[in-house]
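Shown below: model_7.cif, with mmCIF, C-alpha atoms.
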data_model
loop_
_atom_site.label_atom_id
_atom_site.label_comp_id
_atom_site.auth_asym_id
_atom_site.auth_seq_id
_atom_site.Cartn_x
_atom_site.Cartn_y
_atom_site.Cartn_z
CA MET A 1 23.62 -3.61 26.60
CA LYS A 2 23.27 -1.19 23.71
CA GLU A 3 21.41 1.33 25.88
CA LYS A 4 24.11 1.06 28.55
CA GLY A 5 26.83 1.59 25.92
CA MET A 6 25.10 4.70 24.55
CA THR A 7 24.77 6.07 28.08
CA THR A 8 28.51 5.60 28.69
CA ILE A 9 29.39 7.34 25.41
CA THR A 10 27.10 10.26 26.27
CA LEU A 11 28.62 10.56 29.75
CA LYS A 12 32.11 10.67 28.26
CA LYS A 13 31.05 13.48 25.92
CA ILE A 14 29.50 15.40 28.81
CA ASN A 15 32.67 15.06 30.90
CA ARG A 16 34.86 16.11 27.97
CA GLU A 17 32.78 19.21 27.39
CA LYS A 18 32.74 20.04 31.10
CA VAL A 19 36.52 19.87 31.27
CA TYR A 20 36.99 21.94 28.10
CA GLN A 21 34.44 24.58 29.16
CA TYR A 22 36.03 24.82 32.60
CA ILE A 23 39.48 25.42 31.11
CA TYR A 24 37.99 27.97 28.71
CA GLN A 25 36.34 29.92 31.54
CA GLN A 26 39.40 29.81 33.82
CA LYS A 27 41.84 30.69 31.01
CA GLU A 28 44.63 29.13 33.07
CA THR A 29 44.20 26.17 35.38
CA SER A 30 45.79 22.95 36.61
CA LYS A 31 44.79 19.30 36.65
CA LEU A 32 44.24 19.30 40.42
CA GLN A 33 42.09 22.42 40.21
CA ILE A 34 39.87 20.75 37.60
CA VAL A 35 39.53 17.65 39.77
CA GLN A 36 38.57 19.74 42.80
CA ASP A 37 36.19 22.18 41.14
CA LEU A 38 34.43 19.70 38.83
CA GLN A 39 34.48 16.97 41.47
CA MET A 40 35.70 14.43 38.93
CA GLY A 41 38.06 11.55 39.49
CA LEU A 42 41.73 12.11 38.75
CA SER A 43 41.78 9.36 36.13
CA THR A 44 38.71 10.80 34.37
CA VAL A 45 40.26 14.27 34.24
CA SER A 46 43.62 12.88 33.07
CA GLN A 47 41.96 10.91 30.27
CA ASN A 48 39.99 13.95 29.08
CA LEU A 49 43.04 16.19 29.19
CA ASN A 50 45.03 13.70 27.12
CA GLU A 51 42.24 13.48 24.54
CA LEU A 52 41.80 17.26 24.35
CA GLU A 53 45.55 17.77 23.98
CA ASN A 54 45.84 15.10 21.30
CA ASP A 55 43.00 16.76 19.39
CA GLY A 56 44.80 20.12 19.57
CA LEU A 57 42.16 21.80 21.74
CA ILE A 58 44.34 22.50 24.79
CA SER A 59 48.01 23.01 25.58
CA ARG A 60 50.11 22.31 28.65
CA ASN A 61 53.01 24.75 28.78
CA GLY A 62 54.82 26.22 31.77
CA TYR A 63 54.18 25.86 35.47
CA PHE A 64 52.45 27.78 38.23
CA GLU A 65 54.56 29.09 41.12
CA SER A 66 55.15 26.41 43.71
CA THR A 67 53.01 26.52 46.85
CA GLY A 68 55.32 24.18 48.69
CA GLY A 69 55.00 21.00 46.68
CA ARG A 70 55.49 20.01 43.08
CA LYS A 71 54.78 22.78 40.58
CA ALA A 72 51.43 22.41 38.78
CA GLN A 73 51.47 22.50 34.98
CA ILE A 74 49.55 25.37 33.35
CA ILE A 75 46.66 24.19 31.18
CA LYS A 76 45.03 26.49 28.61
CA ILE A 77 42.82 26.15 25.59
CA VAL A 78 44.45 26.69 22.20
CA GLU A 79 42.92 30.07 21.42
CA ASP A 80 43.35 29.79 17.66
CA PHE A 81 42.22 26.17 17.36
CA ARG A 82 39.39 27.71 15.36
CA ILE A 83 39.21 31.17 13.76
CA SER A 84 36.06 33.01 12.73
CA ILE A 85 36.20 35.61 9.97
CA GLY A 86 33.96 38.69 10.24
CA LEU A 87 33.16 41.22 7.52
CA GLY A 88 31.67 44.67 7.99
CA ILE A 89 30.44 45.86 4.59
CA LEU A 90 30.03 49.58 3.98
CA LYS A 91 29.28 51.65 0.90
CA ASP A 92 32.89 52.35 -0.09
CA MET A 93 34.85 49.66 1.74
CA PHE A 94 34.66 46.64 3.94
CA HIS A 95 36.40 45.72 7.17
CA ILE A 96 37.64 42.19 7.71
CA VAL A 97 38.75 40.62 10.98
CA ALA A 98 39.93 37.27 12.27
CA VAL A 99 38.65 36.42 15.75
CA ASN A 100 39.96 33.70 18.05
CA LEU A 101 37.98 31.56 20.50
CA TYR A 102 38.06 34.29 23.14
CA GLY A 103 36.53 36.78 20.74
CA ASP A 104 39.79 38.72 20.34
CA ALA A 105 40.47 40.31 16.97
CA VAL A 106 43.86 38.85 16.07
CA ALA A 107 44.01 40.32 12.55
CA THR A 108 42.22 43.28 10.98
CA GLU A 109 42.21 44.98 7.60
CA THR A 110 40.20 47.62 5.75
CA ILE A 111 39.78 47.08 2.02
CA GLU A 112 38.59 49.79 -0.36
CA LEU A 113 35.89 48.24 -2.52
CA PRO A 114 32.81 50.34 -3.45
CA TYR A 115 29.66 48.27 -3.11
CA GLU A 116 27.61 47.33 -6.14
CA ASN A 117 25.14 44.52 -6.58
CA SER A 118 27.13 42.68 -9.23
CA ASN A 119 29.00 39.45 -9.79
CA THR A 120 32.17 41.48 -10.16
CA TYR A 121 31.82 42.94 -6.66
CA TYR A 122 31.02 39.67 -4.88
CA THR A 123 33.80 37.85 -6.71
CA ALA A 124 36.30 40.57 -5.76
CA LEU A 125 35.16 40.50 -2.14
CA ALA A 126 35.53 36.72 -1.96
CA ALA A 127 39.01 36.94 -3.49
CA ASN A 128 40.03 39.49 -0.87
CA VAL A 129 38.72 37.27 1.91
CA GLU A 130 40.73 34.32 0.61
CA LEU A 131 43.83 36.53 0.34
CA PHE A 132 43.34 37.75 3.93
CA ILE A 133 43.17 34.15 5.15
CA GLN A 134 46.31 33.24 3.20
CA LYS A 135 48.27 36.30 4.37
CA ASN A 136 47.55 35.39 7.99
CA HIS A 137 48.54 31.76 7.40
CA TYR A 138 45.25 30.22 8.52
CA ALA A 139 44.79 26.68 7.30
CA PRO A 140 41.34 26.17 5.73
CA GLU A 141 40.36 23.65 8.42
CA LYS A 142 40.88 26.35 11.08
CA ILE A 143 38.18 28.59 9.61
CA GLU A 144 34.97 27.95 11.52
CA GLY A 145 32.95 30.23 9.24
CA ILE A 146 32.56 33.68 7.69
CA SER A 147 29.93 36.03 9.06
CA ILE A 148 28.95 39.15 7.14
CA ALA A 149 27.53 42.29 8.76
CA THR A 150 25.97 44.79 6.39
CA GLN A 151 23.93 47.96 6.57
CA GLY A 152 20.32 47.06 5.92
CA ILE A 153 17.51 45.04 7.42
CA ILE A 154 17.93 41.29 7.01
CA SER A 155 15.02 38.97 6.32
CA PRO A 156 13.95 36.81 9.29
CA ASP A 157 15.38 33.71 7.62
CA GLY A 158 18.74 35.44 7.06
CA THR A 159 18.74 34.91 3.30
CA ALA A 160 18.50 38.49 1.99
CA VAL A 161 18.57 42.21 2.71
CA THR A 162 15.00 43.52 2.63
CA TYR A 163 15.73 47.24 3.15
CA GLY A 164 19.01 48.91 2.23
CA ASP A 165 18.66 52.54 1.16
CA ILE A 166 22.13 53.56 2.41
CA MET A 167 24.08 51.18 0.20
CA GLY A 168 21.42 50.31 -2.35
CA ASN A 169 21.81 46.66 -1.31
CA ALA A 170 18.15 45.64 -1.03
CA ASN A 171 18.90 42.86 -3.51
CA MET A 172 21.87 41.48 -1.58
CA GLN A 173 21.48 37.72 -1.06
CA PHE A 174 23.12 35.34 1.38
CA SER A 175 23.96 33.17 -1.61
CA ASP A 176 26.05 36.00 -3.12
CA PHE A 177 28.64 35.13 -0.46
CA SER A 178 28.03 31.45 0.28
CA SER A 179 28.31 30.48 -3.40
CA ARG A 180 31.78 32.04 -3.65
CA LEU A 181 33.36 31.12 -0.32
CA PRO A 182 34.23 27.51 0.62
CA TYR A 183 33.22 28.01 4.25
CA PRO A 184 29.98 28.21 6.23
CA CYS A 185 28.52 31.72 5.85
CA HIS A 186 26.11 33.88 7.82
CA LEU A 187 24.48 37.25 7.03
CA GLU A 188 23.22 39.79 9.58
CA HIS A 189 22.45 43.46 10.23
CA ASP A 190 25.50 45.46 11.31
CA SER A 191 23.69 46.95 14.32
CA LYS A 192 22.83 43.50 15.63
CA ALA A 193 26.42 42.40 15.17
CA ALA A 194 27.62 45.45 17.12
CA ALA A 195 25.17 44.69 19.94
CA ASP A 196 26.36 41.07 20.02
CA LEU A 197 29.91 42.31 20.57
CA GLU A 198 28.89 44.68 23.36
CA LEU A 199 26.91 41.88 25.02
CA TRP A 200 29.97 39.62 24.74
CA ASN A 201 32.09 42.33 26.40
CA HIS A 202 29.48 43.07 29.09
CA PRO A 203 28.01 39.64 29.92
CA GLN A 204 26.61 40.95 33.18
CA LEU A 205 24.09 43.12 31.32
CA ASP A 206 20.60 41.72 30.95
CA SER A 207 19.37 44.76 29.03
CA ALA A 208 21.00 47.68 27.23
CA LEU A 209 20.49 50.27 24.51
CA VAL A 210 23.31 50.41 21.95
CA PHE A 211 24.11 53.52 19.90
CA LEU A 212 26.27 52.49 16.94
CA LEU A 213 28.01 55.75 15.99
CA ASN A 214 29.19 54.69 12.56
CA PRO A 215 29.31 56.78 9.35
CA ASN A 216 25.58 56.09 9.35
CA LEU A 217 23.92 55.83 12.73
CA GLY A 218 22.61 52.51 13.98
CA GLY A 219 21.08 51.16 17.13
CA ALA A 220 20.07 47.99 18.90
CA ILE A 221 18.10 46.88 21.92
CA ILE A 222 19.35 44.16 24.23
CA THR A 223 16.75 42.57 26.49
CA GLY A 224 16.72 39.24 28.27
CA HIS A 225 20.43 38.94 27.42
CA GLU A 226 19.62 38.82 23.69
CA VAL A 227 19.42 41.32 20.85
CA HIS A 228 15.73 42.13 20.33
CA GLN A 229 14.91 42.22 16.62
CA GLY A 230 11.12 42.37 16.56
CA ASN A 231 8.53 40.77 14.30
CA HIS A 232 9.97 42.30 11.14
CA MET A 233 13.65 42.70 12.21
CA ARG A 234 13.16 46.45 12.76
CA SER A 235 13.71 46.87 16.50
CA GLY A 236 16.35 49.39 17.49
CA LEU A 237 16.19 51.61 14.40
CA ILE A 238 16.87 54.66 16.53
CA GLU A 239 18.45 56.46 13.58
CA HIS A 240 15.01 57.25 12.18
CA ILE A 241 13.53 58.74 15.34
CA CYS A 242 12.52 62.29 14.45
CA ILE A 243 13.94 64.90 16.81
CA ASP A 244 13.09 67.93 14.64
CA PRO A 245 10.49 67.75 11.84
CA ASP A 246 12.04 70.89 10.33
CA GLY A 247 15.56 69.46 10.46
CA PRO A 248 17.83 68.24 7.66
CA LYS A 249 16.58 65.68 5.17
CA CYS A 250 17.51 62.09 5.94
CA TYR A 251 18.32 59.42 3.34
CA CYS A 252 15.00 57.80 4.27
CA GLY A 253 13.15 60.83 2.84
CA ASN A 254 11.99 62.31 6.14
CA HIS A 255 13.38 65.34 7.93
CA GLY A 256 15.13 65.68 11.28
CA CYS A 257 15.94 62.00 11.90
CA LEU A 258 18.57 61.34 14.55
CA GLU A 259 20.76 60.10 11.68
CA THR A 260 21.09 63.69 10.44
CA TYR A 261 22.48 64.86 13.79
CA CYS A 262 24.35 61.95 15.39
CA SER A 263 25.89 59.87 12.60
CA ALA A 264 29.61 60.24 11.99
CA ASN A 265 28.74 61.50 8.50
CA ALA A 266 26.62 64.28 10.01
CA LEU A 267 29.50 65.34 12.27
CA LYS A 268 31.90 65.23 9.31
CA VAL A 269 29.63 67.50 7.24
CA THR A 270 29.16 69.98 10.09
CA ALA A 271 32.88 70.08 10.83
CA GLY A 272 33.79 70.37 7.16
CA MET A 273 36.67 67.92 7.52
CA PRO A 274 37.40 64.19 8.02
CA ILE A 275 36.56 62.83 11.46
CA LYS A 276 40.16 62.04 12.35
CA ASP A 277 41.26 65.59 11.48
CA PHE A 278 38.38 67.06 13.46
CA PHE A 279 39.28 65.27 16.68
CA ASN A 280 43.01 65.93 16.26
CA LEU A 281 42.32 69.66 15.96
CA LEU A 282 39.69 69.60 18.68
CA HIS A 283 42.03 68.01 21.21
CA GLN A 284 45.14 69.94 20.17
CA THR A 285 43.76 73.45 19.71
CA GLN A 286 40.56 73.52 21.77
CA ALA A 287 39.24 76.01 19.20
CA PRO A 288 35.89 77.45 20.39
CA ASN A 289 34.11 76.71 17.09
CA LEU A 290 35.20 73.07 17.17
CA ILE A 291 34.23 72.71 20.81
CA GLN A 292 30.78 74.08 19.97
CA ILE A 293 30.34 71.65 17.06
CA TRP A 294 31.23 68.73 19.33
CA ARG A 295 28.99 69.92 22.15
CA ASN A 296 26.08 70.35 19.75
CA TYR A 297 26.63 66.76 18.67
CA LEU A 298 26.71 65.54 22.27
CA ASP A 299 23.60 67.61 23.11
CA HIS A 300 21.59 65.85 20.40
CA LEU A 301 22.93 62.47 21.48
CA ALA A 302 22.00 63.22 25.10
CA PHE A 303 18.49 64.24 24.02
CA ALA A 304 18.02 60.88 22.32
CA ILE A 305 19.45 58.91 25.23
CA ARG A 306 17.29 60.73 27.78
CA ASN A 307 14.10 60.05 25.86
CA LEU A 308 14.86 56.47 24.87
CA ASN A 309 15.86 55.66 28.44
CA LEU A 310 12.26 56.40 29.44
CA VAL A 311 11.16 53.62 27.07
CA ILE A 312 13.99 51.21 27.87
CA ASP A 313 15.20 51.51 31.45
CA SER A 314 18.69 50.12 30.97
CA PRO A 315 22.35 51.05 30.61
CA VAL A 316 23.40 52.76 27.37
CA ILE A 317 26.45 51.73 25.36
CA ILE A 318 28.21 54.14 23.00
CA SER A 319 29.70 51.92 20.29
CA GLY A 320 31.16 51.97 16.80
CA TYR A 321 33.44 54.23 14.80
CA LEU A 322 33.20 57.36 16.99
CA ALA A 323 33.37 55.56 20.34
CA PRO A 324 37.20 55.60 20.69
CA TYR A 325 37.16 59.39 20.27
CA PHE A 326 35.07 59.86 23.43
CA LEU A 327 37.27 61.10 26.29
CA ASP A 328 36.31 60.84 29.97
CA ALA A 329 35.39 64.52 29.89
CA ASP A 330 33.07 63.89 26.94
CA MET A 331 31.33 61.06 28.76
CA GLN A 332 30.88 63.26 31.82
CA TYR A 333 29.46 66.09 29.69
CA LEU A 334 27.12 63.63 27.98
CA LEU A 335 25.96 62.21 31.32
CA ASN A 336 25.29 65.70 32.69
CA LYS A 337 23.26 66.58 29.60
CA VAL A 338 21.28 63.34 29.83
CA ASN A 339 20.40 64.12 33.44
CA GLU A 340 19.64 67.80 32.81
CA GLY A 341 15.93 68.24 33.45
CA SER A 342 15.39 64.48 33.58
CA LEU A 343 12.89 62.94 35.99
CA PHE A 344 15.21 60.03 36.62
CA GLN A 345 18.95 60.39 36.94
CA MET A 346 21.31 58.11 35.05
CA THR A 347 24.41 57.09 36.98
CA GLU A 348 27.95 56.97 35.63
CA ASP A 349 28.03 53.16 35.56
CA GLN A 350 24.97 53.13 33.27
CA LEU A 351 26.73 54.99 30.47
CA LEU A 352 29.33 52.76 28.83
CA VAL A 353 31.61 53.14 25.85
CA GLY A 354 32.88 50.45 23.45
CA ASN A 355 36.50 50.25 22.37
CA HIS A 356 36.56 48.42 19.01
CA GLY A 357 35.83 51.43 16.83
CA GLN A 358 35.23 50.89 13.13
CA TYR A 359 35.73 47.12 13.42
CA THR A 360 32.84 46.69 15.87
CA PRO A 361 30.28 45.16 13.43
CA ALA A 362 32.87 42.85 11.83
CA ILE A 363 34.06 41.52 15.20
CA GLY A 364 30.49 41.17 16.44
CA ALA A 365 29.56 39.25 13.31
CA ALA A 366 32.52 36.89 13.73
CA LEU A 367 31.30 35.97 17.20
CA TYR A 368 28.42 34.09 15.57
CA TYR A 369 30.69 31.17 14.73
CA ILE A 370 32.72 31.43 17.93
CA LYS A 371 29.56 31.04 20.00
CA GLU A 372 28.43 28.19 17.77
CA PHE A 373 31.72 26.37 18.32
CA LEU A 374 31.62 26.90 22.09
CA THR A 375 28.00 25.82 22.56
CA PRO A 376 28.08 22.34 24.15
CA VAL A 377 26.33 19.74 22.01
CA VAL A 378 25.90 16.26 23.41
CA SER A 379 24.14 13.63 21.31
#

The structure in this file should be written as structure tokens.
Amino acid sequence: MKEKGMTTITLKKINREKVYQYIYQQKETSKLQIVQDLQMGLSTVSQNLNELENDGLISRNGYFESTGGRKAQIIKIVEDFRISIGLGILKDMFHIVAVNLYGDAVATETIELPYENSNTYYTALAANVELFIQKNHYAPEKIEGISIATQGIISPDGTAVTYGDIMGNANMQFSDFSSRLPYPCHLEHDSKAAADLELWNHPQLDSALVFLLNPNLGGAIITGHEVHQGNHMRSGLIEHICIDPDGPKCYCGNHGCLETYCSANALKVTAGMPIKDFFNLLHQTQAPNLIQIWRNYLDHLAFAIRNLNLVIDSPVIISGYLAPYFLDADMQYLLNKVNEGSLFQMTEDQLLVGNHGQYTPAIGAALYYIKEFLTPVVS
């Protein structure tokens, strides 16, 4: 009898998850549609809908247009039943976002706070996170977790930064955050977080190469529908590919790394002005010197894409801070340069551009807890 009882309980959990996941995927549906598509009995579906609604997971508001009979009630998930907080930590600031169950950033903020490996810094960061949660009126029980994306290579067990020359954060520990925040915490490399976001936005992609065009350049490889990190968490470090051994000195100590040509900082230095001002002038005045600076940037980016695409035969995603500045004409110029003299031609649908800008790593990091919440677990 006990075994039979356990089997019944497990079946109920499976049906509940099936119904919830179906509603999640459909975004809007009706009771009859659930019955038909999941091939469940009407009473089983009704019972699960009542339980899910009572638990606050779904809502039934409004009606579909009538098709001749009684109007069907619209059923949706409650998108903010749980919220995940994502942080993108940079040298002089950090970005913070709140993400709902569909991965949408429903609140964003940039907070000026220069990084230093000190109790003062981590305490201030935690206080700002708590303030952000309060300002957006999120009850503590809504917060599924806080995921932190930072520049630097993360140890395989996720407990520490093992390499962090940009920020000087090689001593950053997971516990620096988890000990100060009363929520589950997670630490990861900003490039991986960015790739996770692009994979979320392009679920049809099995493989891709991500160029994270942030103040400092980053990259990631997606293969087998996952971010490939390698044996020592170093896969995708395209920023340190040398494209000219006599080129500018990189922060890593070598010369001519892609970082020195294709990071947003490199473009800022070449232009001699802030990025926003550069693109405003570029688009408004079409000054020949500004056009040449931008084309030189795109030429170096195309060189890298063309060569890396020989190693990883996959679509390429332009992501991060600079991505929103890319116009259709820029993407066409970049594609033409990639294909110039190339053995194999890249098509337009293989060159994609992200649209979350500077908040990309923070949003991608926040998805960690959204995916965890949505993963069906039946015990």

I'd like the neighbourhood of Ala98 of chain A as a PyMOL selection string, where a residue qualifies if any of its atoms comes within 6 Å (using only C-alpha atoms), though same-chain residues fewer than 4 positions away should be ignored.
chain A and resi 84-85+105-107

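Distances here use only C-alpha atoms; by that measure, the residue among A:Ile166, A:Gly253, A:Asp80, A:Tyr115 closest to Glu141 of chain A is A:Asp80.
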
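The shortest atom-to-atom distance to Met40 of chain A, with all atoms listed in the file taken into account, belongs to A:Val19 out of A:Met233, A:Val19, A:Glu53, A:Asp92.
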
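What the PyMOL selection byres ((chain A and resi 212) around 7) matches in the given file is Ser191, Val210, Phe211, Leu213, Asn214, Leu217, Gly218, Gly219, Ile318, Ser319 and Gly320 of chain A.
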
Expected file: the selected residues, C-alpha atoms, as a PDB file, in the coordinates of the input:
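What ended up in result-v8.pdb:
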ATOM      1  CA  SER A 191      23.690  46.950  14.320  1.00  0.00           C
ATOM      2  CA  VAL A 210      23.310  50.410  21.950  1.00  0.00           C
ATOM      3  CA  PHE A 211      24.110  53.520  19.900  1.00  0.00           C
ATOM      4  CA  LEU A 213      28.010  55.750  15.990  1.00  0.00           C
ATOM      5  CA  ASN A 214      29.190  54.690  12.560  1.00  0.00           C
ATOM      6  CA  LEU A 217      23.920  55.830  12.730  1.00  0.00           C
ATOM      7  CA  GLY A 218      22.610  52.510  13.980  1.00  0.00           C
ATOM      8  CA  GLY A 219      21.080  51.160  17.130  1.00  0.00           C
ATOM      9  CA  ILE A 318      28.210  54.140  23.000  1.00  0.00           C
ATOM     10  CA  SER A 319      29.700  51.920  20.290  1.00  0.00           C
ATOM     11  CA  GLY A 320      31.160  51.970  16.800  1.00  0.00           C
TER      12      GLY A 320
END

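Proximity to Phe278 of chain A was assessed for A:Met172, A:Leu322, A:Leu38, A:Ile312 counting all atoms listed in the file; the smallest distance is recorded for A:Leu322.
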
*Near-Ala124 of chain A list (10 Å; all atoms listed in the file; drop same-chain fewer than 6 positions) as number ranges by chain*: A: 113, 130, 180

Mind dumping the selected residues with C-alpha atoms as a short mmCIF file (atom, residue, chain, number, x, y, z; two decimals), in the frame of the given file?
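Full text of out_30.cif as output:
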data_model
loop_
_atom_site.label_atom_id
_atom_site.label_comp_id
_atom_site.auth_asym_id
_atom_site.auth_seq_id
_atom_site.Cartn_x
_atom_site.Cartn_y
_atom_site.Cartn_z
CA LEU A 113 35.89 48.24 -2.52
CA GLU A 130 40.73 34.32 0.61
CA ARG A 180 31.78 32.04 -3.65
#

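Atom pair atom CA of Ile275 of chain A / atom CA of Glu259 of chain A: separated by 16.0 Å.
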
Point to revise | Picked residues, the PyMOL selection byres ((chain A and resi 303) around 12), expected as number ranges by chain | key: A: 241-244, 258, 261-262, 296-302, 304-310, 334-342

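Minimum distance to Cys250 of chain A across A:Asn216, A:Asn50, A:Asn136, A:Ser235 (counting all atoms listed in the file) occurs at A:Asn216.
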